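Next comes structure15.txt, with compact mmCIF, N, CA and C atoms and all ligand atoms.
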# COMPACT_ATOMS: atom_id res chain seq x y z
N MET A 1 -59.76 45.13 -128.62
CA MET A 1 -60.75 45.80 -129.46
C MET A 1 -60.19 45.96 -130.87
N LYS A 2 -61.06 45.75 -131.82
CA LYS A 2 -60.62 45.80 -133.22
C LYS A 2 -61.56 46.71 -134.01
N PHE A 3 -61.00 47.53 -134.88
CA PHE A 3 -61.79 48.38 -135.76
C PHE A 3 -61.54 47.95 -137.19
N GLU A 4 -62.62 47.62 -137.89
CA GLU A 4 -62.49 47.29 -139.30
C GLU A 4 -63.39 48.22 -140.10
N PRO A 5 -62.84 48.90 -141.12
CA PRO A 5 -63.68 49.79 -141.94
C PRO A 5 -64.78 49.02 -142.65
N ILE A 6 -65.95 49.64 -142.76
CA ILE A 6 -67.05 49.06 -143.53
C ILE A 6 -67.64 50.14 -144.42
N THR A 7 -68.28 49.74 -145.50
CA THR A 7 -68.94 50.70 -146.39
C THR A 7 -70.44 50.44 -146.47
N ALA A 8 -70.89 49.36 -145.85
CA ALA A 8 -72.32 49.06 -145.85
C ALA A 8 -72.64 48.23 -144.60
N LEU A 9 -73.90 48.28 -144.21
CA LEU A 9 -74.34 47.42 -143.12
C LEU A 9 -74.80 46.10 -143.71
N SER A 10 -74.51 45.03 -143.03
CA SER A 10 -75.08 43.75 -143.42
C SER A 10 -76.11 43.36 -142.37
N PRO A 11 -77.02 42.45 -142.72
CA PRO A 11 -78.14 42.15 -141.83
C PRO A 11 -77.73 41.72 -140.42
N ASN A 12 -76.55 41.17 -140.27
CA ASN A 12 -76.15 40.69 -138.95
C ASN A 12 -75.46 41.75 -138.11
N MET A 13 -75.35 42.98 -138.65
CA MET A 13 -74.66 44.04 -137.92
C MET A 13 -75.63 44.84 -137.06
N THR A 14 -75.20 45.16 -135.85
CA THR A 14 -75.95 46.06 -134.99
C THR A 14 -75.35 47.45 -135.12
N ALA A 15 -76.19 48.44 -135.47
CA ALA A 15 -75.70 49.80 -135.63
C ALA A 15 -75.76 50.54 -134.29
N ILE A 16 -74.79 51.41 -134.07
CA ILE A 16 -74.76 52.18 -132.84
C ILE A 16 -76.07 52.96 -132.68
N GLY A 17 -76.60 52.96 -131.48
CA GLY A 17 -77.85 53.65 -131.22
C GLY A 17 -79.05 52.99 -131.88
N GLY A 18 -78.85 51.83 -132.46
CA GLY A 18 -79.94 51.13 -133.15
C GLY A 18 -80.02 51.52 -134.62
N ASP A 19 -80.02 52.85 -134.89
CA ASP A 19 -80.21 53.29 -136.27
C ASP A 19 -79.55 54.64 -136.56
N LEU A 20 -78.46 54.94 -135.88
CA LEU A 20 -77.80 56.23 -136.10
C LEU A 20 -76.98 56.26 -137.37
N ILE A 21 -76.71 55.09 -137.92
CA ILE A 21 -76.06 55.03 -139.22
C ILE A 21 -76.86 54.08 -140.09
N GLY A 22 -76.84 54.33 -141.39
CA GLY A 22 -77.58 53.47 -142.29
C GLY A 22 -77.58 54.04 -143.69
N GLY A 23 -78.31 53.38 -144.57
CA GLY A 23 -78.45 53.85 -145.94
C GLY A 23 -77.36 53.33 -146.85
N ASP A 24 -77.53 53.66 -148.11
CA ASP A 24 -76.58 53.26 -149.14
C ASP A 24 -76.39 54.45 -150.07
N PRO A 25 -75.26 55.15 -150.02
CA PRO A 25 -74.06 54.83 -149.24
C PRO A 25 -74.29 55.05 -147.75
N LEU A 26 -73.52 54.32 -146.97
CA LEU A 26 -73.62 54.38 -145.51
C LEU A 26 -73.40 55.82 -145.04
N ALA A 27 -74.27 56.28 -144.13
CA ALA A 27 -74.19 57.67 -143.68
C ALA A 27 -74.68 57.78 -142.24
N LEU A 28 -74.32 58.90 -141.60
CA LEU A 28 -74.94 59.27 -140.34
C LEU A 28 -76.39 59.60 -140.66
N VAL A 29 -77.32 59.15 -139.83
CA VAL A 29 -78.73 59.45 -140.07
C VAL A 29 -79.24 60.37 -138.97
N GLY A 30 -79.61 61.57 -139.36
CA GLY A 30 -80.13 62.55 -138.43
C GLY A 30 -81.58 62.83 -138.74
N ALA A 31 -82.03 64.00 -138.31
CA ALA A 31 -83.39 64.41 -138.61
C ALA A 31 -83.36 65.86 -139.08
N ARG A 32 -84.23 66.15 -140.05
CA ARG A 32 -84.38 67.51 -140.55
C ARG A 32 -85.79 67.97 -140.20
N CYS A 33 -85.87 69.19 -139.71
CA CYS A 33 -87.17 69.76 -139.37
C CYS A 33 -87.76 70.41 -140.62
N LYS A 34 -88.95 69.97 -141.02
CA LYS A 34 -89.58 70.52 -142.21
C LYS A 34 -90.13 71.92 -141.96
N ALA A 35 -90.27 72.29 -140.69
CA ALA A 35 -90.79 73.62 -140.38
C ALA A 35 -89.69 74.68 -140.45
N CYS A 36 -88.50 74.37 -139.94
CA CYS A 36 -87.45 75.41 -139.88
C CYS A 36 -86.14 74.96 -140.52
N GLU A 37 -86.07 73.75 -141.04
CA GLU A 37 -84.91 73.21 -141.72
C GLU A 37 -83.70 72.95 -140.82
N ASN A 38 -83.91 72.98 -139.50
CA ASN A 38 -82.84 72.65 -138.57
C ASN A 38 -82.56 71.15 -138.62
N PHE A 39 -81.27 70.78 -138.56
CA PHE A 39 -80.91 69.38 -138.48
C PHE A 39 -80.56 69.01 -137.05
N SER A 40 -80.81 67.77 -136.68
CA SER A 40 -80.36 67.28 -135.39
C SER A 40 -79.75 65.90 -135.57
N PHE A 41 -78.78 65.62 -134.75
CA PHE A 41 -78.17 64.29 -134.70
C PHE A 41 -77.68 64.09 -133.28
N PRO A 42 -78.09 63.00 -132.62
CA PRO A 42 -79.04 62.03 -133.13
C PRO A 42 -80.44 62.64 -133.33
N PRO A 43 -81.29 61.95 -134.12
CA PRO A 43 -82.65 62.46 -134.30
C PRO A 43 -83.36 62.60 -132.95
N ARG A 44 -84.17 63.63 -132.83
CA ARG A 44 -84.88 63.86 -131.57
C ARG A 44 -86.38 63.73 -131.78
N ALA A 45 -87.10 63.68 -130.67
CA ALA A 45 -88.56 63.56 -130.74
C ALA A 45 -89.19 64.89 -131.13
N PHE A 46 -88.46 65.99 -130.94
CA PHE A 46 -88.95 67.30 -131.35
C PHE A 46 -87.76 68.12 -131.84
N CYS A 47 -88.06 69.17 -132.59
CA CYS A 47 -86.99 70.02 -133.12
C CYS A 47 -86.42 70.90 -132.00
N PRO A 48 -85.10 70.84 -131.76
CA PRO A 48 -84.53 71.66 -130.69
C PRO A 48 -84.52 73.15 -131.03
N ALA A 49 -84.78 73.51 -132.29
CA ALA A 49 -84.77 74.92 -132.67
C ALA A 49 -86.16 75.55 -132.57
N CYS A 50 -87.20 74.87 -133.08
CA CYS A 50 -88.53 75.48 -133.09
C CYS A 50 -89.56 74.68 -132.30
N PHE A 51 -89.12 73.55 -131.73
CA PHE A 51 -89.96 72.71 -130.86
C PHE A 51 -91.11 72.01 -131.57
N SER A 52 -91.12 72.02 -132.91
CA SER A 52 -92.12 71.23 -133.62
C SER A 52 -91.92 69.77 -133.29
N ALA A 53 -93.00 69.08 -133.04
CA ALA A 53 -92.89 67.66 -132.68
C ALA A 53 -93.30 66.75 -133.83
N ASP A 54 -93.93 67.29 -134.85
CA ASP A 54 -94.47 66.44 -135.91
C ASP A 54 -93.92 66.78 -137.28
N LYS A 55 -92.81 67.51 -137.33
CA LYS A 55 -92.28 67.96 -138.62
C LYS A 55 -90.90 67.36 -138.91
N LEU A 56 -90.50 66.35 -138.16
CA LEU A 56 -89.15 65.81 -138.33
C LEU A 56 -89.14 64.66 -139.31
N GLU A 57 -88.16 64.68 -140.20
CA GLU A 57 -87.98 63.56 -141.11
C GLU A 57 -86.53 63.09 -141.01
N ARG A 58 -86.36 61.76 -141.02
CA ARG A 58 -85.01 61.21 -140.94
C ARG A 58 -84.29 61.50 -142.25
N ARG A 59 -83.06 61.94 -142.14
CA ARG A 59 -82.27 62.31 -143.31
C ARG A 59 -80.82 61.89 -143.12
N PRO A 60 -80.20 61.37 -144.18
CA PRO A 60 -78.75 61.13 -144.09
C PRO A 60 -78.02 62.47 -144.06
N LEU A 61 -76.94 62.53 -143.31
CA LEU A 61 -76.11 63.73 -143.25
C LEU A 61 -74.91 63.52 -144.17
N ARG A 62 -74.34 64.64 -144.63
CA ARG A 62 -73.21 64.52 -145.55
C ARG A 62 -71.99 63.89 -144.88
N GLY A 63 -71.89 64.03 -143.57
CA GLY A 63 -70.73 63.43 -142.89
C GLY A 63 -69.46 64.24 -143.03
N GLU A 64 -69.60 65.49 -143.49
CA GLU A 64 -68.45 66.37 -143.63
C GLU A 64 -68.49 67.39 -142.52
N GLY A 65 -67.32 67.65 -141.92
CA GLY A 65 -67.31 68.58 -140.82
C GLY A 65 -65.94 69.16 -140.55
N THR A 66 -65.90 69.97 -139.48
CA THR A 66 -64.70 70.68 -139.08
C THR A 66 -64.50 70.44 -137.59
N VAL A 67 -63.26 70.17 -137.18
CA VAL A 67 -62.97 69.97 -135.76
C VAL A 67 -63.14 71.31 -135.05
N PHE A 68 -64.09 71.36 -134.10
CA PHE A 68 -64.30 72.57 -133.29
C PHE A 68 -63.27 72.61 -132.17
N THR A 69 -63.13 71.48 -131.46
CA THR A 69 -62.10 71.33 -130.44
C THR A 69 -61.90 69.85 -130.20
N PHE A 70 -60.83 69.48 -129.49
CA PHE A 70 -60.58 68.06 -129.27
C PHE A 70 -59.71 67.86 -128.05
N THR A 71 -59.67 66.63 -127.60
CA THR A 71 -58.75 66.24 -126.53
C THR A 71 -58.12 64.92 -126.92
N VAL A 72 -56.98 64.64 -126.33
CA VAL A 72 -56.32 63.36 -126.55
C VAL A 72 -56.50 62.52 -125.29
N VAL A 73 -57.19 61.39 -125.46
CA VAL A 73 -57.46 60.50 -124.33
C VAL A 73 -56.26 59.57 -124.16
N ARG A 74 -55.67 59.59 -122.96
CA ARG A 74 -54.48 58.78 -122.72
C ARG A 74 -54.71 57.70 -121.66
N GLN A 75 -55.87 57.75 -121.00
CA GLN A 75 -56.22 56.71 -120.05
C GLN A 75 -57.65 56.28 -120.35
N ALA A 76 -57.86 54.99 -120.44
CA ALA A 76 -59.19 54.49 -120.79
C ALA A 76 -59.38 53.13 -120.13
N PRO A 77 -60.62 52.68 -120.06
CA PRO A 77 -60.88 51.36 -119.49
C PRO A 77 -60.10 50.28 -120.24
N ALA A 78 -59.90 49.18 -119.57
CA ALA A 78 -59.19 48.06 -120.19
C ALA A 78 -59.83 47.70 -121.52
N GLY A 79 -58.99 47.41 -122.49
CA GLY A 79 -59.50 47.02 -123.80
C GLY A 79 -59.57 48.15 -124.79
N HIS A 80 -59.43 49.39 -124.33
CA HIS A 80 -59.45 50.54 -125.23
C HIS A 80 -58.01 50.97 -125.50
N ALA A 81 -57.63 50.98 -126.75
CA ALA A 81 -56.27 51.39 -127.11
C ALA A 81 -56.14 52.90 -126.97
N VAL A 82 -55.06 53.34 -126.33
CA VAL A 82 -54.78 54.77 -126.19
C VAL A 82 -53.40 55.05 -126.79
N PRO A 83 -53.10 56.28 -127.16
CA PRO A 83 -54.01 57.43 -127.11
C PRO A 83 -54.99 57.41 -128.28
N TYR A 84 -56.13 58.12 -128.07
CA TYR A 84 -57.04 58.38 -129.18
C TYR A 84 -57.60 59.79 -129.05
N VAL A 85 -58.11 60.28 -130.14
CA VAL A 85 -58.59 61.66 -130.20
C VAL A 85 -60.11 61.67 -130.10
N LEU A 86 -60.62 62.48 -129.17
CA LEU A 86 -62.05 62.69 -129.02
C LEU A 86 -62.32 64.15 -129.34
N ALA A 87 -63.22 64.41 -130.27
CA ALA A 87 -63.41 65.78 -130.76
C ALA A 87 -64.88 66.17 -130.79
N PHE A 88 -65.11 67.49 -130.72
CA PHE A 88 -66.39 68.05 -131.13
C PHE A 88 -66.23 68.44 -132.59
N VAL A 89 -67.11 67.91 -133.42
CA VAL A 89 -67.06 68.17 -134.86
C VAL A 89 -68.31 68.94 -135.27
N ASP A 90 -68.10 70.04 -135.95
CA ASP A 90 -69.23 70.83 -136.49
C ASP A 90 -69.53 70.30 -137.88
N LEU A 91 -70.70 69.68 -138.02
CA LEU A 91 -71.08 69.11 -139.31
C LEU A 91 -71.58 70.19 -140.27
N HIS A 92 -71.51 69.88 -141.55
CA HIS A 92 -71.98 70.78 -142.60
C HIS A 92 -73.40 71.26 -142.32
N GLU A 93 -74.24 70.38 -141.76
CA GLU A 93 -75.65 70.71 -141.53
C GLU A 93 -75.87 71.59 -140.30
N GLY A 94 -74.78 71.96 -139.60
CA GLY A 94 -74.92 72.85 -138.46
C GLY A 94 -75.06 72.15 -137.13
N VAL A 95 -74.78 70.87 -137.10
CA VAL A 95 -74.88 70.09 -135.87
C VAL A 95 -73.48 69.87 -135.31
N ARG A 96 -73.32 70.05 -134.01
CA ARG A 96 -72.03 69.76 -133.36
C ARG A 96 -72.15 68.43 -132.62
N ILE A 97 -71.29 67.48 -132.95
CA ILE A 97 -71.35 66.18 -132.29
C ILE A 97 -69.97 65.80 -131.77
N MET A 98 -69.97 64.97 -130.75
CA MET A 98 -68.72 64.47 -130.20
C MET A 98 -68.47 63.10 -130.77
N ALA A 99 -67.25 62.89 -131.23
CA ALA A 99 -66.90 61.60 -131.81
C ALA A 99 -65.39 61.44 -131.82
N GLN A 100 -64.97 60.23 -132.03
CA GLN A 100 -63.56 59.94 -132.14
C GLN A 100 -63.06 60.37 -133.53
N VAL A 101 -61.86 60.91 -133.58
CA VAL A 101 -61.19 61.17 -134.85
C VAL A 101 -60.06 60.16 -134.96
N ARG A 102 -60.15 59.30 -135.95
CA ARG A 102 -59.17 58.23 -136.09
C ARG A 102 -57.98 58.72 -136.91
N ALA A 103 -57.06 59.35 -136.18
CA ALA A 103 -55.83 59.88 -136.77
C ALA A 103 -54.81 59.97 -135.64
N GLU A 104 -53.56 60.11 -136.00
CA GLU A 104 -52.54 60.31 -134.98
C GLU A 104 -52.83 61.63 -134.27
N PRO A 105 -52.75 61.66 -132.93
CA PRO A 105 -53.07 62.90 -132.19
C PRO A 105 -52.31 64.12 -132.71
N GLU A 106 -51.07 63.93 -133.10
CA GLU A 106 -50.26 65.06 -133.56
C GLU A 106 -50.78 65.62 -134.89
N ALA A 107 -51.58 64.85 -135.60
CA ALA A 107 -52.07 65.29 -136.92
C ALA A 107 -53.38 66.05 -136.82
N VAL A 108 -53.99 66.06 -135.63
CA VAL A 108 -55.32 66.68 -135.49
C VAL A 108 -55.16 68.12 -135.01
N HIS A 109 -55.95 69.03 -135.58
CA HIS A 109 -55.91 70.42 -135.14
C HIS A 109 -57.29 71.04 -135.26
N ILE A 110 -57.51 72.09 -134.49
CA ILE A 110 -58.78 72.82 -134.56
C ILE A 110 -58.92 73.41 -135.96
N GLY A 111 -60.10 73.26 -136.52
CA GLY A 111 -60.34 73.75 -137.87
C GLY A 111 -60.08 72.72 -138.96
N MET A 112 -59.58 71.56 -138.54
CA MET A 112 -59.28 70.48 -139.50
C MET A 112 -60.56 69.96 -140.15
N LYS A 113 -60.51 69.73 -141.46
CA LYS A 113 -61.64 69.14 -142.17
C LYS A 113 -61.63 67.63 -141.97
N VAL A 114 -62.78 67.09 -141.60
CA VAL A 114 -62.91 65.65 -141.37
C VAL A 114 -64.16 65.14 -142.07
N ARG A 115 -64.20 63.84 -142.21
CA ARG A 115 -65.41 63.22 -142.77
C ARG A 115 -65.72 61.96 -141.99
N ALA A 116 -66.99 61.61 -141.98
CA ALA A 116 -67.43 60.43 -141.25
C ALA A 116 -66.88 59.18 -141.92
N ALA A 117 -66.52 58.23 -141.08
CA ALA A 117 -66.07 56.92 -141.56
C ALA A 117 -66.75 55.88 -140.67
N PHE A 118 -66.91 54.69 -141.20
CA PHE A 118 -67.71 53.69 -140.51
C PHE A 118 -66.90 52.43 -140.28
N TYR A 119 -67.13 51.84 -139.12
CA TYR A 119 -66.31 50.71 -138.70
C TYR A 119 -67.17 49.67 -137.99
N ILE A 120 -66.67 48.46 -137.99
CA ILE A 120 -67.16 47.47 -137.06
C ILE A 120 -66.18 47.44 -135.89
N ARG A 121 -66.69 47.70 -134.69
CA ARG A 121 -65.87 47.66 -133.48
C ARG A 121 -66.17 46.34 -132.79
N THR A 122 -65.17 45.54 -132.65
CA THR A 122 -65.36 44.22 -132.08
C THR A 122 -64.56 44.09 -130.79
N THR A 123 -65.25 43.66 -129.74
CA THR A 123 -64.58 43.35 -128.48
C THR A 123 -64.85 41.89 -128.18
N ASP A 124 -64.32 41.43 -127.05
CA ASP A 124 -64.59 40.04 -126.67
C ASP A 124 -66.09 39.81 -126.50
N ALA A 125 -66.81 40.87 -126.09
CA ALA A 125 -68.21 40.71 -125.73
C ALA A 125 -69.19 41.04 -126.84
N SER A 126 -68.80 41.92 -127.78
CA SER A 126 -69.80 42.37 -128.74
C SER A 126 -69.17 42.88 -130.02
N SER A 127 -70.04 43.16 -130.97
CA SER A 127 -69.64 43.71 -132.26
C SER A 127 -70.68 44.73 -132.65
N MET A 128 -70.24 45.92 -133.07
CA MET A 128 -71.20 46.97 -133.39
C MET A 128 -70.67 47.85 -134.51
N ALA A 129 -71.59 48.26 -135.41
CA ALA A 129 -71.24 49.21 -136.45
C ALA A 129 -71.26 50.61 -135.84
N ILE A 130 -70.16 51.32 -135.95
CA ILE A 130 -70.03 52.64 -135.32
C ILE A 130 -69.55 53.66 -136.34
N TYR A 131 -69.61 54.94 -135.94
CA TYR A 131 -69.04 55.99 -136.77
C TYR A 131 -67.89 56.64 -136.02
N ALA A 132 -67.01 57.21 -136.78
CA ALA A 132 -65.93 58.04 -136.26
C ALA A 132 -65.63 59.03 -137.37
N PHE A 133 -64.62 59.84 -137.18
CA PHE A 133 -64.21 60.74 -138.26
C PHE A 133 -62.78 60.46 -138.63
N GLU A 134 -62.44 60.81 -139.85
CA GLU A 134 -61.07 60.67 -140.34
C GLU A 134 -60.73 61.95 -141.08
N PRO A 135 -59.43 62.23 -141.22
CA PRO A 135 -59.07 63.44 -141.96
C PRO A 135 -59.69 63.40 -143.35
N ALA A 136 -60.23 64.54 -143.78
CA ALA A 136 -60.85 64.61 -145.10
C ALA A 136 -59.77 64.75 -146.16
N PRO A 137 -60.04 64.23 -147.34
CA PRO A 137 -59.10 64.45 -148.45
C PRO A 137 -58.97 65.95 -148.69
N ALA A 138 -57.80 66.38 -149.11
CA ALA A 138 -57.55 67.82 -149.32
C ALA A 138 -58.50 68.40 -150.36
N SER A 139 -59.02 67.55 -151.22
CA SER A 139 -59.89 68.04 -152.29
C SER A 139 -61.32 68.30 -151.83
N MET A 140 -61.65 67.87 -150.57
CA MET A 140 -63.02 68.04 -150.10
C MET A 140 -63.24 69.52 -149.78
N GLY A 141 -64.15 70.14 -150.48
CA GLY A 141 -64.38 71.56 -150.27
C GLY A 141 -65.33 71.81 -149.12
N ALA A 142 -65.19 72.96 -148.49
CA ALA A 142 -66.16 73.37 -147.49
C ALA A 142 -67.15 74.29 -148.17
N SER A 143 -68.40 74.04 -147.97
CA SER A 143 -69.41 74.90 -148.59
C SER A 143 -70.54 75.13 -147.64
ZN ZN B 201 -87.70 73.18 -136.40

Would you mind giving the structure from this file in structure tokens?
Amino acid sequence: MKFEPITALSPNMTAIGGDLIGGDPLALVGARCKACENFSFPPRAFCPACFSADKLERRPLRGEGTVFTFTVVRQAPAGHAVPYVLAFVDLHEGVRIMAQVRAEPEAVHIGMKVRAAFYIRTTDASSMAIYAFEPAPASMGAS
């Protein structure tokens, strides 16, 4: 398996979930509820906060977040390099998502600031544009 950083999708790339990432600049694409301003990722058919079904609009997310908790995966199916870090990340928009943090396990800690990063993941069988998180630059402010 190979991970190559990308900054844009090209027409021949398949995005994870079909359309969970996109735009220019490349971003996680969630949904914002126009009725209550709740964000969801992945986008849902209805708002999980107020249950509105017709008030959702697709919106890019900032991709900035904080590690809520994490684990270090040391055993994985063939073809997956270990160890790797799997974390729950609390995004700026109030959404908690599970994703890989691409950093040395010893460098990851609860409360760590991270940002979304985008890759092409290539295996013998397929190639897909995916998201993960990486340590945020020290200058990235939390707001
Ligand atoms: Zn809502």

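For the choices A:Leu56, A:Ile21, A:Ile110, A:Ala27, the atom-to-atom distance to ligand ZN 201 (chain B) is smallest for A:Leu56 when using only C-alpha atoms and all ligand atoms.
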
message = Please return as a PyMOL selection string the residues found within 6 Å of ligand ZN 201 (chain B), counting all atoms listed in the file.
response = chain A and resi 33-38+47-52

request  = May I have the protein, DNA and RNA residues with an atom at most 5 Å from (-62.8, 70.1, -129.7), counting only N, CA and C atoms in the file's coordinates, returned as a VMD selection string?
outcome  = chain A and resid 68 to 70 87 to 88

remark   = note - CA of Phe39 in chain A and atom C of Val95 in chain A are separated by 8.1 Å

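With CA of Ala31 in chain A on one side and CA of Glu93 in chain A on the other, the separation reads 10.4 Å.
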
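Nearest to Met1 in chain A of all the residues A:Val85, A:Val101, A:Leu28, A:Ala78 is A:Ala78, based on only N, CA and C atoms.
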
note = Among A:Arg32, A:Arg115, A:Arg74, A:Arg121, Arg62 in chain A is approached most closely, using only N, CA and C atoms, by A:Arg115

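For the point (-62.1, 61.7, -130.4), the residues with an atom at a distance of at most 10 Å are A:Val67, A:Thr69, A:Phe70, A:Thr71, A:Val72, A:Val73, A:Pro83, A:Tyr84, A:Val85, A:Leu86, A:Ala87, A:Phe88, A:Val89, A:Met98, A:Ala99, A:Gln100, A:Val101, A:Arg102, A:Ala103, A:Pro105, A:Val108, A:Ala132, A:Phe133, counting only C-alpha atoms.
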
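If only C-alpha atoms are the atoms counted, then among A:Ile97, A:Ala138, A:Ala76, A:Gly65 the closest residue to Val114 in chain A is A:Gly65.
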
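Considering only C-alpha atoms, the residue among A:Leu61, A:Ala81, A:Glu106, A:Phe3 positioned nearest to Ser40 in chain A is A:Leu61.
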
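Here atom N of Gln75 in chain A is placed at a distance of 24.2 Å from atom N of Lys113 in chain A.
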
inquiry  = Taking 5 positions as the minimum chain separation for residues in the same chain, which residues sit within 7 Å of Pro42 in chain A when counting all atoms listed in the file? Answer as a VMD selection string.
reply    = chain A and resid 20 29 to 31
